[in-house]
file my_file_36.csv (CSV, C-alpha atoms)
chain,number,residue,atom,x,y,z
A,939,MET,CA,99.9,-208.6,177.2
A,940,ALA,CA,98.9,-205.1,178.2
A,941,LYS,CA,101.7,-203.6,176.1
A,942,LYS,CA,100.3,-205.3,173.0
A,943,ASN,CA,96.8,-204.0,173.7
A,944,ILE,CA,98.2,-200.4,173.9
A,945,ASN,CA,100.1,-201.0,170.7
A,946,PHE,CA,97.0,-202.3,169.0
A,947,GLU,CA,94.9,-199.5,170.3
A,948,LYS,CA,97.4,-196.8,169.3
A,949,SER,CA,97.8,-198.4,165.8
A,950,LEU,CA,94.0,-198.5,165.4
A,951,GLU,CA,93.7,-194.8,166.4
A,952,ARG,CA,96.4,-193.9,163.9
A,953,LEU,CA,94.7,-195.9,161.2
A,954,GLN,CA,91.5,-193.8,161.9
A,955,GLU,CA,93.5,-190.6,161.6
A,956,ILE,CA,95.1,-191.7,158.4
A,957,SER,CA,91.7,-192.6,157.0
A,958,GLU,CA,90.3,-189.2,157.8
A,959,LEU,CA,93.3,-187.5,156.3
A,960,LEU,CA,93.0,-189.5,153.1
A,961,GLU,CA,89.3,-188.6,152.8
A,962,SER,CA,90.1,-184.9,153.1
A,963,GLU,CA,90.9,-182.8,150.1
A,964,ASP,CA,93.8,-181.0,151.8
A,965,VAL,CA,96.4,-183.8,151.3
A,966,THR,CA,98.8,-183.8,148.4
A,967,LEU,CA,99.3,-186.9,146.3
A,968,GLU,CA,102.8,-187.4,147.7
A,969,ASP,CA,101.4,-187.2,151.3
A,970,SER,CA,98.5,-189.5,150.4
A,971,LEU,CA,101.0,-192.2,149.2
A,972,LYS,CA,103.0,-191.9,152.4
A,973,LEU,CA,99.9,-192.1,154.5
A,974,TYR,CA,98.7,-195.1,152.5
A,975,GLU,CA,102.0,-196.9,153.1
A,976,GLU,CA,101.9,-196.1,156.8
A,977,GLY,CA,98.3,-197.3,157.0
A,978,MET,CA,99.2,-200.6,155.3
A,979,LYS,CA,102.0,-201.3,157.7
A,980,LEU,CA,99.7,-200.5,160.7
A,981,SER,CA,97.0,-202.7,159.2
A,982,LYS,CA,99.4,-205.6,159.0
A,983,THR,CA,100.6,-205.0,162.6
A,984,CYS,CA,97.0,-205.0,163.9
A,985,TYR,CA,96.2,-208.1,161.9
A,986,ASN,CA,99.3,-209.9,163.3
A,987,LEU,CA,98.4,-208.9,166.9
A,988,LEU,CA,94.9,-210.1,166.5
A,989,ASN,CA,96.1,-213.5,165.2
A,990,LYS,CA,98.4,-213.9,168.2
A,991,ALA,CA,95.6,-213.0,170.6

call {"tool": "encode", "arguments": {"input": "my_file_36.csv", "output": "structure tokens"}}
result
Amino acid sequence: MAKKNINFEKSLERLQEISELLESEDVTLEDSLKLYEEGMKLSKTCYNLLNKA
């Protein structure tokens, strides 16, 4: 179970990083799309982990 918590925590941290990057004006449209897709995958992972808990 500890491994899942670490996974969740790291995913949540990365989601925060992605959010901050998307809010900045320094990211290109192409990079924004990639970050958005990564964020959606991480969001789904976190959601699934919470449902299992």

call {"tool": "residues_around", "arguments": {"input": "my_file_36.csv", "residues": "Lys982 in chain A", "least_positions_apart": "5", "cutoff": "12 Å", "atoms": "all atoms listed in the file", "output": "short mmCIF file (atom, residue, chain, number, x, y, z; two decimals) with C-alpha atoms, in the frame of the given file"}}
result
data_model
loop_
_atom_site.label_atom_id
_atom_site.label_comp_id
_atom_site.auth_asym_id
_atom_site.auth_seq_id
_atom_site.Cartn_x
_atom_site.Cartn_y
_atom_site.Cartn_z
CA PHE A 946 97.00 -202.30 169.00
CA SER A 949 97.80 -198.40 165.80
CA LEU A 950 94.00 -198.50 165.40
CA LEU A 953 94.70 -195.90 161.20
CA GLU A 975 102.00 -196.90 153.10
CA GLU A 976 101.90 -196.10 156.80
CA GLY A 977 98.30 -197.30 157.00
CA LEU A 987 98.40 -208.90 166.90
CA LEU A 988 94.90 -210.10 166.50
CA ASN A 989 96.10 -213.50 165.20
#

call {"tool": "atom_distance", "arguments": {"input": "my_file_36.csv", "atom1": "CA of Ile956 in chain A", "atom2": "CA of Ser981 in chain A"}}
result
11.2 Å

call {"tool": "closest_residue", "arguments": {"input": "my_file_36.csv", "among": "A:Leu959, A:Glu951, A:Asn945, A:Thr966", "to": "Asn986 in chain A", "atoms": "only C-alpha atoms"}}
result
A:Asn945

call {"tool": "atom_distance", "arguments": {"input": "my_file_36.csv", "atom1": "CA of Lys990 in chain A", "atom2": "CA of Leu973 in chain A"}}
result
25.8 Å

call {"tool": "atom_distance", "arguments": {"input": "my_file_36.csv", "atom1": "CA of Lys948 in chain A", "atom2": "CA of Leu960 in chain A"}}
result
18.3 Å

call {"tool": "decode", "arguments": {"input": "my_file_36.csv", "residues": "range 969-991 of chain A", "atoms": "C-alpha atoms", "output": "mmCIF file, in the first residue's frame"}}
result
data_model
loop_
_atom_site.group_PDB
_atom_site.id
_atom_site.type_symbol
_atom_site.label_atom_id
_atom_site.label_comp_id
_atom_site.auth_asym_id
_atom_site.auth_seq_id
_atom_site.Cartn_x
_atom_site.Cartn_y
_atom_site.Cartn_z
ATOM 1 C CA ASP A 969 4.095 21.754 -25.278
ATOM 2 C CA SER A 970 0.821 22.834 -23.677
ATOM 3 C CA LEU A 971 -1.013 20.040 -25.478
ATOM 4 C CA LYS A 972 1.560 17.481 -24.368
ATOM 5 C CA LEU A 973 1.368 18.704 -20.780
ATOM 6 C CA TYR A 974 -2.424 18.635 -20.887
ATOM 7 C CA GLU A 975 -2.422 15.024 -22.114
ATOM 8 C CA GLU A 976 0.072 14.018 -19.417
ATOM 9 C CA GLY A 977 -2.049 15.781 -16.808
ATOM 10 C CA MET A 978 -5.192 13.980 -17.916
ATOM 11 C CA LYS A 979 -3.445 10.601 -17.618
ATOM 12 C CA LEU A 980 -2.127 11.494 -14.159
ATOM 13 C CA SER A 981 -5.556 12.723 -13.110
ATOM 14 C CA LYS A 982 -7.111 9.415 -14.158
ATOM 15 C CA THR A 983 -4.394 7.504 -12.291
ATOM 16 C CA CYS A 984 -5.012 9.494 -9.120
ATOM 17 C CA TYR A 985 -8.763 9.039 -9.429
ATOM 18 C CA ASN A 986 -8.379 5.272 -9.816
ATOM 19 C CA LEU A 987 -6.012 5.057 -6.842
ATOM 20 C CA LEU A 988 -8.464 6.990 -4.665
ATOM 21 C CA ASN A 989 -11.326 4.740 -5.678
ATOM 22 C CA LYS A 990 -9.329 1.653 -4.708
ATOM 23 C CA ALA A 991 -8.380 3.114 -1.312
#
